[in-house]
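K.L.:
Structure file structure_34.cif (mmCIF, C-alpha atoms and all ligand atoms) is given on the next line.
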data_query
#
loop_
_atom_site.label_atom_id
_atom_site.label_comp_id
_atom_site.auth_asym_id
_atom_site.auth_seq_id
_atom_site.Cartn_x
_atom_site.Cartn_y
_atom_site.Cartn_z
CA MET A 1 -19.35 -0.83 -3.75
CA ASN A 2 -19.21 -4.36 -5.08
CA PRO A 3 -15.88 -5.96 -4.18
CA ALA A 4 -16.18 -8.46 -7.01
CA VAL A 5 -16.18 -5.90 -9.79
CA CYS A 6 -13.24 -3.77 -8.76
CA LEU A 7 -10.63 -2.79 -11.22
CA GLY A 8 -7.14 -3.69 -10.18
CA VAL A 9 -3.70 -2.24 -10.46
CA GLY A 10 -3.52 -2.96 -14.16
CA ASN A 11 -5.94 -0.18 -15.05
CA ASP A 12 -4.76 1.52 -18.16
CA VAL A 13 -4.85 5.29 -18.01
CA SER A 14 -6.48 5.23 -21.43
CA ASP A 15 -9.51 3.35 -20.03
CA PRO A 16 -12.69 5.41 -19.88
CA VAL A 17 -12.47 7.19 -16.54
CA GLN A 18 -14.28 9.70 -14.50
CA VAL A 19 -11.74 12.43 -13.97
CA ASN A 20 -12.63 14.35 -10.84
CA PRO A 21 -10.59 15.98 -8.15
CA PRO A 22 -11.45 14.34 -4.82
CA GLU A 23 -14.14 16.22 -2.99
CA VAL A 24 -13.20 18.34 -0.02
CA SER A 25 -14.68 16.39 2.83
CA SER A 26 -15.67 16.95 6.40
CA ALA A 27 -14.35 15.05 9.41
CA GLU A 28 -17.65 13.12 9.49
CA ASP A 29 -17.19 12.10 5.86
CA ALA A 30 -13.71 10.92 6.73
CA VAL A 31 -14.98 8.70 9.56
CA ARG A 32 -17.77 7.31 7.37
CA GLY A 33 -15.26 6.69 4.62
CA VAL A 34 -12.91 4.71 6.84
CA VAL A 35 -15.74 2.53 8.18
CA ALA A 36 -16.93 1.87 4.62
CA THR A 37 -13.37 1.08 3.57
CA ALA A 38 -12.96 -1.51 6.31
CA GLU A 39 -16.28 -3.15 5.40
CA PHE A 40 -15.41 -3.13 1.71
CA TRP A 41 -12.02 -4.79 2.21
CA ASN A 42 -13.31 -7.32 4.72
CA ALA A 43 -15.87 -8.39 2.11
CA ARG A 44 -13.41 -8.37 -0.77
CA HIS A 45 -10.82 -10.42 1.13
CA GLN A 46 -13.50 -12.99 1.96
CA GLU A 47 -15.17 -13.16 -1.45
CA LEU A 48 -12.29 -13.06 -3.92
CA GLY A 49 -9.47 -15.55 -4.42
CA TYR A 50 -6.23 -15.80 -2.50
CA LEU A 51 -4.31 -13.20 -4.51
CA ARG A 52 -7.04 -11.50 -6.52
CA SER A 53 -8.55 -9.85 -3.44
CA GLY A 54 -5.43 -7.81 -2.74
CA GLY A 55 -3.99 -7.85 -6.23
CA ASP A 56 -5.70 -7.29 -9.56
CA ALA A 57 -9.31 -8.46 -9.29
CA GLY A 58 -9.67 -8.14 -13.04
CA ARG A 59 -7.15 -10.91 -13.70
CA ASP A 60 -7.03 -14.60 -12.83
CA GLU A 61 -5.05 -16.13 -9.97
CA ALA A 62 -2.19 -17.26 -12.23
CA SER A 63 -1.72 -13.72 -13.57
CA ASN A 64 -1.79 -12.44 -10.01
CA GLU A 65 0.95 -14.94 -9.08
CA ILE A 66 3.11 -13.29 -11.73
CA LEU A 67 2.08 -9.78 -10.66
CA TYR A 68 3.05 -10.51 -7.05
CA ALA A 69 6.35 -12.15 -8.05
CA VAL A 70 7.30 -9.25 -10.33
CA ARG A 71 6.60 -6.73 -7.59
CA LEU A 72 8.55 -8.72 -5.02
CA GLY A 73 11.59 -8.41 -7.28
CA ARG A 74 11.11 -4.65 -7.51
CA LEU A 75 10.68 -4.47 -3.74
CA ILE A 76 13.95 -6.34 -3.18
CA ASP A 77 15.66 -3.83 -5.46
CA ILE A 78 14.39 -1.10 -3.12
CA VAL A 79 14.93 -2.81 0.25
CA GLY A 80 18.26 -4.35 -0.76
CA ASP A 81 19.54 -7.91 -0.97
CA GLN A 82 21.36 -8.01 2.35
CA CYS A 83 20.23 -9.69 5.55
CA ALA A 84 21.91 -9.58 8.93
CA PRO A 85 20.36 -11.92 11.51
CA ALA A 86 22.02 -10.07 14.39
CA ALA A 87 20.72 -6.70 13.18
CA PRO A 88 17.60 -7.24 11.10
CA LEU A 89 16.00 -4.37 9.25
CA ARG A 90 12.83 -3.04 10.83
CA ILE A 91 10.19 -2.81 8.15
CA LEU A 92 6.55 -1.71 8.02
CA ASP A 93 4.17 -3.25 5.47
CA ALA A 94 1.52 -0.51 5.52
CA GLY A 95 -1.77 -1.98 4.31
CA CYS A 96 -0.48 -5.55 4.17
CA GLY A 97 -3.77 -7.17 3.10
CA LYS A 98 -3.46 -10.96 3.41
CA GLY A 99 0.28 -10.60 4.07
CA TRP A 100 1.84 -12.07 0.92
CA PHE A 101 4.64 -9.51 0.89
CA THR A 102 4.91 -9.45 4.68
CA ARG A 103 5.63 -13.18 4.92
CA ARG A 104 8.22 -13.11 2.17
CA VAL A 105 10.05 -10.06 3.49
CA ALA A 106 10.00 -11.62 6.98
CA SER A 107 11.41 -14.85 5.53
CA PHE A 108 14.42 -12.81 4.33
CA GLY A 109 15.30 -12.27 7.99
CA HIS A 110 13.82 -8.80 8.48
CA ARG A 111 11.55 -7.75 11.38
CA VAL A 112 8.30 -6.83 9.71
CA ASP A 113 5.14 -5.26 11.10
CA GLY A 114 2.08 -5.73 8.90
CA ILE A 115 -0.91 -3.47 9.50
CA ASP A 116 -4.25 -3.31 7.75
CA VAL A 117 -7.72 -1.93 8.38
CA SER A 118 -9.31 -5.30 7.49
CA GLU A 119 -9.78 -7.54 10.54
CA HIS A 120 -10.41 -10.50 8.27
CA ALA A 121 -7.12 -10.01 6.42
CA ILE A 122 -5.13 -9.61 9.64
CA SER A 123 -6.72 -12.72 11.07
CA LEU A 124 -5.54 -14.68 7.99
CA CYS A 125 -2.08 -13.15 8.31
CA ARG A 126 -1.80 -14.32 11.91
CA GLN A 127 -2.81 -17.86 10.94
CA GLN A 128 -0.17 -17.97 8.18
CA ALA A 129 2.65 -16.14 9.96
CA VAL A 130 6.15 -17.46 9.27
CA GLY A 131 7.35 -16.45 12.71
CA GLN A 132 9.34 -13.25 12.25
CA GLU A 133 6.51 -10.82 11.66
CA ARG A 134 3.82 -9.14 13.73
CA TYR A 135 0.39 -7.97 12.69
CA ALA A 136 -2.10 -5.38 13.85
CA VAL A 137 -5.47 -4.09 12.75
CA SER A 138 -4.83 -0.40 12.20
CA ARG A 139 -5.48 2.45 9.86
CA LEU A 140 -2.41 3.94 8.23
CA ASP A 141 -3.05 7.32 9.80
CA GLN A 142 -3.35 5.87 13.30
CA TRP A 143 -0.39 3.47 13.59
CA ARG A 144 1.91 4.49 16.44
CA PRO A 145 4.76 1.96 16.87
CA PRO A 146 7.35 2.28 19.63
CA CYS A 147 10.28 2.52 17.16
CA LEU A 148 10.94 4.02 13.76
CA TYR A 149 11.49 1.82 10.70
CA ASP A 150 14.40 1.39 8.30
CA VAL A 151 11.92 0.84 5.47
CA VAL A 152 8.21 1.55 5.11
CA TYR A 153 6.47 0.17 2.05
CA CYS A 154 2.86 0.67 1.07
CA ILE A 155 1.73 -1.37 -1.92
CA ASP A 156 -1.54 -0.56 -3.69
CA VAL A 157 -3.19 1.01 -0.67
CA LEU A 158 -3.10 4.80 -0.91
CA PHE A 159 -5.00 4.93 -4.20
CA HIS A 160 -7.81 3.05 -2.48
CA VAL A 161 -8.10 5.72 0.22
CA MET A 162 -10.92 7.80 -1.22
CA ASN A 163 -11.11 10.55 1.36
CA ASP A 164 -8.50 13.19 0.66
CA GLN A 165 -7.94 14.14 4.30
CA VAL A 166 -7.45 10.51 5.31
CA TRP A 167 -5.10 10.01 2.33
CA GLU A 168 -2.90 12.94 3.34
CA ALA A 169 -2.94 12.00 7.04
CA SER A 170 -2.05 8.41 6.10
CA LEU A 171 0.86 9.44 3.90
CA ARG A 172 2.16 11.89 6.50
CA ASN A 173 1.90 9.34 9.30
CA ILE A 174 3.68 6.46 7.56
CA ALA A 175 6.37 8.91 6.37
CA SER A 176 6.90 10.09 9.95
CA LEU A 177 7.68 6.49 10.95
CA VAL A 178 10.79 6.27 8.73
CA ARG A 179 14.09 6.79 10.54
CA TRP A 180 16.57 9.36 9.28
CA GLY A 181 18.38 7.74 6.34
CA GLY A 182 15.58 5.22 5.86
CA THR A 183 13.37 4.56 2.85
CA LEU A 184 9.69 5.05 2.12
CA THR A 185 8.11 3.56 -0.96
CA VAL A 186 4.49 3.93 -1.99
CA THR A 187 2.85 2.72 -5.17
CA GLU A 188 0.84 4.91 -7.49
CA HIS A 189 0.09 5.48 -11.16
CA GLU A 190 2.93 7.17 -13.00
CA ALA A 191 1.07 10.31 -13.96
CA ASP A 192 0.79 13.88 -12.83
CA VAL A 193 -2.96 13.86 -12.73
CA THR A 194 -5.49 13.08 -10.01
CA ARG A 195 -8.31 10.78 -11.14
CA THR A 196 -11.25 9.14 -9.44
CA TRP A 197 -11.98 5.70 -10.88
CA ALA A 198 -15.56 4.91 -9.81
CA ASP A 199 -16.07 4.76 -6.05
CA TYR A 200 -13.14 2.63 -4.92
CA GLN A 201 -10.00 4.07 -6.48
CA CYS A 202 -8.51 7.53 -6.57
CA THR A 203 -5.07 7.85 -8.11
CA ARG A 204 -3.32 11.06 -7.18
CA ALA A 205 -0.75 13.10 -9.05
CA LEU A 206 2.79 12.09 -8.10
CA SER A 207 3.59 15.77 -7.54
CA ARG A 208 1.18 15.73 -4.57
CA TYR A 209 3.11 12.87 -2.96
CA ARG A 210 6.44 14.57 -3.65
CA LYS A 211 5.33 17.89 -2.16
CA ILE A 212 4.14 16.31 1.08
CA LEU A 213 7.15 14.03 1.44
CA GLU A 214 9.71 16.71 0.63
CA SER A 215 8.17 18.81 3.41
CA GLN A 216 8.95 15.89 5.76
CA GLY A 217 12.63 15.74 4.79
CA PHE A 218 12.50 13.18 1.98
CA VAL A 219 14.38 13.28 -1.30
CA GLU A 220 13.33 11.27 -4.31
CA ARG A 221 15.35 8.23 -5.32
CA GLY A 222 13.27 7.45 -8.38
CA PHE A 223 10.13 5.84 -9.74
CA ILE A 224 10.27 2.12 -10.51
CA PRO A 225 7.41 0.88 -12.72
CA TYR A 226 6.02 -2.55 -11.90
CA GLY A 227 6.69 -3.46 -15.52
CA PHE A 228 3.76 -5.87 -15.44
CA ARG A 229 1.93 -6.06 -18.77
CA SER A 230 2.34 -2.36 -19.49
CA GLY A 231 0.32 -1.27 -16.45
CA PRO A 232 0.83 2.32 -15.26
CA VAL A 233 1.60 1.60 -11.60
CA GLY A 234 5.00 1.65 -9.93
CA PHE A 235 6.98 2.38 -6.78
CA LEU A 236 7.76 5.99 -5.86
CA VAL A 237 10.95 5.67 -3.81
CA MET A 238 11.87 8.37 -1.31
CA ALA A 239 14.77 8.54 1.17
CA ARG A 240 14.58 10.46 4.40
CA SER A 241 17.83 12.34 4.28
CA GLY A 242 16.85 15.96 4.65
C1 LIG B 1 -5.29 -3.70 -2.91
S1 LIG B 1 -5.13 -4.27 -1.25
C2 LIG B 1 -3.35 -4.45 -1.18
C3 LIG B 1 -2.92 -5.35 -0.05
C4 LIG B 1 -1.42 -5.65 -0.01
N1 LIG B 1 -0.62 -4.44 0.11
C5 LIG B 1 -1.02 -6.45 -1.22
O1 LIG B 1 -0.39 -5.85 -2.11
O2 LIG B 1 -1.32 -7.64 -1.24
C6 LIG B 1 -5.40 -2.81 -0.30
C7 LIG B 1 -5.36 -3.02 1.20
O3 LIG B 1 -5.32 -1.76 1.85
C8 LIG B 1 -6.09 -1.84 3.03
N2 LIG B 1 -6.49 -0.47 3.39
C9 LIG B 1 -7.26 0.38 2.68
N3 LIG B 1 -7.35 1.56 3.31
C10 LIG B 1 -6.61 1.47 4.45
C11 LIG B 1 -6.30 2.35 5.52
N4 LIG B 1 -6.78 3.60 5.55
N5 LIG B 1 -5.52 1.91 6.52
C12 LIG B 1 -5.02 0.64 6.50
N6 LIG B 1 -5.28 -0.25 5.51
C13 LIG B 1 -6.07 0.15 4.50
C14 LIG B 1 -7.25 -2.74 2.66
O4 LIG B 1 -7.86 -3.32 3.78
C15 LIG B 1 -6.57 -3.76 1.75
O5 LIG B 1 -6.15 -4.92 2.46
#
Go through the file and emit its structure as structure tokens.
Ligand SMILES: C[S@@+](CC[C@H](N)C(=O)[O-])C[C@H]1O[C@@H](n2cnc3c(N)ncnc32)[C@H](O)[C@@H]1O

P.N.:
Amino acid sequence: MNPAVCLGVGNDVSDPVQVNPPEVSSAEDAVRGVVATAEFWNARHQELGYLRSGGDAGRDEASNEILYAVRLGRLIDIVGDQCAPAAPLRILDAGCGKGWFTRRVASFGHRVDGIDVSEHAISLCRQQAVGQERYAVSRLDQWRPPCLYDVVYCIDVLFHVMNDQVWEASLRNIASLVRWGGTLTVTEHEADVTRTWADYQCTRALSRYRKILESQGFVERGFIPYGFRSGPVGFLVMARSG
């Protein structure tokens, strides 16, 4: 995989694509896949620009500034516009990359944990921390915090998890970390089709997310498109309310 030629979140579903269901994979494939993923993202975060490496590599930095700002607004709509210094929200940024969202959400007064499989990205996050947030190198399917979260958000990560077993284990694990009454939001293409886009992106049918999350006591609150230049990606918002 060449990190410099990756498509980003703005992929149009009408682009020429390879439409394949993900292959059923062995545990060994899963381990190999996770190691390759960490290497890929370490390289991409080092080689591409500040925002392009975690945003849309197919667009320039200025466009990515807008993409990040637009999504922050959507995220605030989901997390809410309240802050209570004496009782901050506990939030997980699952797959935080270089921590752009983590720092901003922490600056709103919330207690944020940012985790990512890329050691390079987490090292940058720690250097740039605004003081309220904590970081750890971790896979989504292996994060075991001491407390549950009020909100877990996962922005443009799960469709980069190529191995189907790791994808499902990741989704199940981050969902299990949401407290009763809390919110989980994950981003995905708004489509009920599973597609593999070359060797670095696999967008999965929203019905697959819903089925797994409903089995863990979540109900859907809606799908909020990014609304960025007609791209197909948005936030699937689920509440854990049984
Ligand atoms: C497109 S970037 C998005 C980063 C960040 N959420 C943002 O929007 O700026 C995808 C990130 O997911 C991370 N990632 C991919 N697979 C992961 C996994 N299984 N566990 C944890 N992080 C993962 C990568 O290291 C990368 O930083």

K.L.:
Could the residues that lie within 6 Å of ligand LIG 1 (chain B), counting only C-alpha atoms and all ligand atoms, be listed as a list in words?

P.N.:
Ala38, Trp41, Gly54, Gly55, Gly95, Cys96, Gly97, Trp100, Asp116, Val117, Ser118, Ser138, Arg139, Leu140, Ile155, Asp156, Val157, His160 and Val161 of chain A

K.L.:
Out of A:Ile212, A:Ala106, A:Cys147, A:Leu72, which residue has the shortest atom-to-atom distance to A:Ala129 when counting all atoms listed in the file?

P.N.:
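For A:Ala129, the nearest of the given residues is A:Ala106.
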
K.L.:
Which is closer to A:Asp77 than all the others in A:Gln142, A:Asn163, A:Asn64, A:Thr185, using only C-alpha atoms?

P.N.:
A:Thr185

K.L.:
Using only C-alpha atoms, find the one residue out of A:Asp150, A:Leu184, A:Phe235, A:Gln201 that sits nearest to A:Phe218.

P.N.:
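Residue with the minimum atom-to-atom distance to A:Phe218: A:Leu184.
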
K.L.:
Please provide the set of residues having any atom within 12 Å of A:Leu171, restricted to only C-alpha atoms, with same-chain residues fewer than 2 positions apart removed, written as a ChimeraX atom specification.

P.N.:
/A:94-95,139-143,152-154,157-159,161,164-169,173-178,184-187,204,208-216

K.L.:
Return the single residue from A:Pro145, A:Thr102, A:His189, A:Phe108 that is closest to A:Gly227, with distances computed using all atoms listed in the file.

P.N.:
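That would be A:His189, the residue with the smallest distance to A:Gly227.
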
K.L.:
When you draw a straight line from atom CA of A:Met162 to atom CA of A:Tyr200, how long is it in Å?

P.N.:
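Separating atom CA of A:Met162 from atom CA of A:Tyr200 is a distance of 6.7 Å.
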
K.L.:
When you count all atoms listed in the file, which of these residues is closest to A:Arg71: A:Ile224, A:Gly181, A:Ser241, A:Tyr135?

P.N.:
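The answer is A:Ile224, which sits nearest to A:Arg71.
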
K.L.:
Between atom CA of A:Cys83 and atom CA of A:Arg111, what distance in Å does the model show, to one decimal?

P.N.:
10.6 Å

K.L.:
Interatomic distance between atom CA of A:Arg59 and atom CA of A:Val233?

P.N.:
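For atom CA of A:Arg59 relative to atom CA of A:Val233, the distance reads 15.4 Å.
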
K.L.:
Looking at A:Ala30, A:Met238, A:Leu206, A:Val79, which one is nearest to A:Glu220, with distances taken over all atoms listed in the file?

P.N.:
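The closest residue to A:Glu220 is A:Met238.
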
K.L.:
Quick one: residues within 9 Å of stretch 221-223 of chain A, all atoms listed in the file, excluding same-chain residues fewer than 4 positions away - as number ranges by chain?

P.N.:
A: 190, 234-239

K.L.:
How would stretch 65-79 of chain A look with N, CA and C atoms restored, written as an mmCIF file, in the frame of the given file?

P.N.:
data_model
loop_
_atom_site.group_PDB
_atom_site.id
_atom_site.type_symbol
_atom_site.label_atom_id
_atom_site.label_comp_id
_atom_site.auth_asym_id
_atom_site.auth_seq_id
_atom_site.Cartn_x
_atom_site.Cartn_y
_atom_site.Cartn_z
ATOM 1 N N GLU A 65 -0.316 -14.345 -9.561
ATOM 2 C CA GLU A 65 0.950 -14.940 -9.080
ATOM 3 C C GLU A 65 2.131 -14.222 -9.717
ATOM 4 N N ILE A 66 2.013 -13.982 -11.026
ATOM 5 C CA ILE A 66 3.110 -13.290 -11.730
ATOM 6 C C ILE A 66 3.214 -11.849 -11.249
ATOM 7 N N LEU A 67 2.076 -11.179 -11.129
ATOM 8 C CA LEU A 67 2.080 -9.780 -10.660
ATOM 9 C C LEU A 67 2.768 -9.652 -9.304
ATOM 10 N N TYR A 68 2.431 -10.571 -8.381
ATOM 11 C CA TYR A 68 3.050 -10.510 -7.050
ATOM 12 C C TYR A 68 4.545 -10.804 -7.129
ATOM 13 N N ALA A 69 4.924 -11.795 -7.949
ATOM 14 C CA ALA A 69 6.350 -12.150 -8.050
ATOM 15 C C ALA A 69 7.154 -11.007 -8.655
ATOM 16 N N VAL A 70 6.610 -10.383 -9.691
ATOM 17 C CA VAL A 70 7.300 -9.250 -10.330
ATOM 18 C C VAL A 70 7.522 -8.139 -9.310
ATOM 19 N N ARG A 71 6.480 -7.840 -8.546
ATOM 20 C CA ARG A 71 6.600 -6.730 -7.590
ATOM 21 C C ARG A 71 7.538 -7.066 -6.445
ATOM 22 N N LEU A 72 7.598 -8.350 -6.077
ATOM 23 C CA LEU A 72 8.550 -8.720 -5.020
ATOM 24 C C LEU A 72 9.978 -8.428 -5.481
ATOM 25 N N GLY A 73 10.248 -8.724 -6.744
ATOM 26 C CA GLY A 73 11.590 -8.410 -7.280
ATOM 27 C C GLY A 73 11.886 -6.923 -7.203
ATOM 28 N N ARG A 74 10.910 -6.113 -7.575
ATOM 29 C CA ARG A 74 11.110 -4.650 -7.510
ATOM 30 C C ARG A 74 11.333 -4.219 -6.060
ATOM 31 N N LEU A 75 10.570 -4.835 -5.156
ATOM 32 C CA LEU A 75 10.680 -4.470 -3.740
ATOM 33 C C LEU A 75 12.070 -4.830 -3.193
ATOM 34 N N ILE A 76 12.600 -5.971 -3.623
ATOM 35 C CA ILE A 76 13.950 -6.340 -3.180
ATOM 36 C C ILE A 76 14.971 -5.336 -3.701
ATOM 37 N N ASP A 77 14.758 -4.855 -4.934
ATOM 38 C CA ASP A 77 15.660 -3.830 -5.460
ATOM 39 C C ASP A 77 15.658 -2.593 -4.556
ATOM 40 N N ILE A 78 14.514 -2.297 -3.959
ATOM 41 C CA ILE A 78 14.390 -1.100 -3.120
ATOM 42 C C ILE A 78 14.921 -1.358 -1.701
ATOM 43 N N VAL A 79 14.540 -2.500 -1.139
ATOM 44 C CA VAL A 79 14.930 -2.810 0.250
ATOM 45 C C VAL A 79 16.396 -3.235 0.326
#
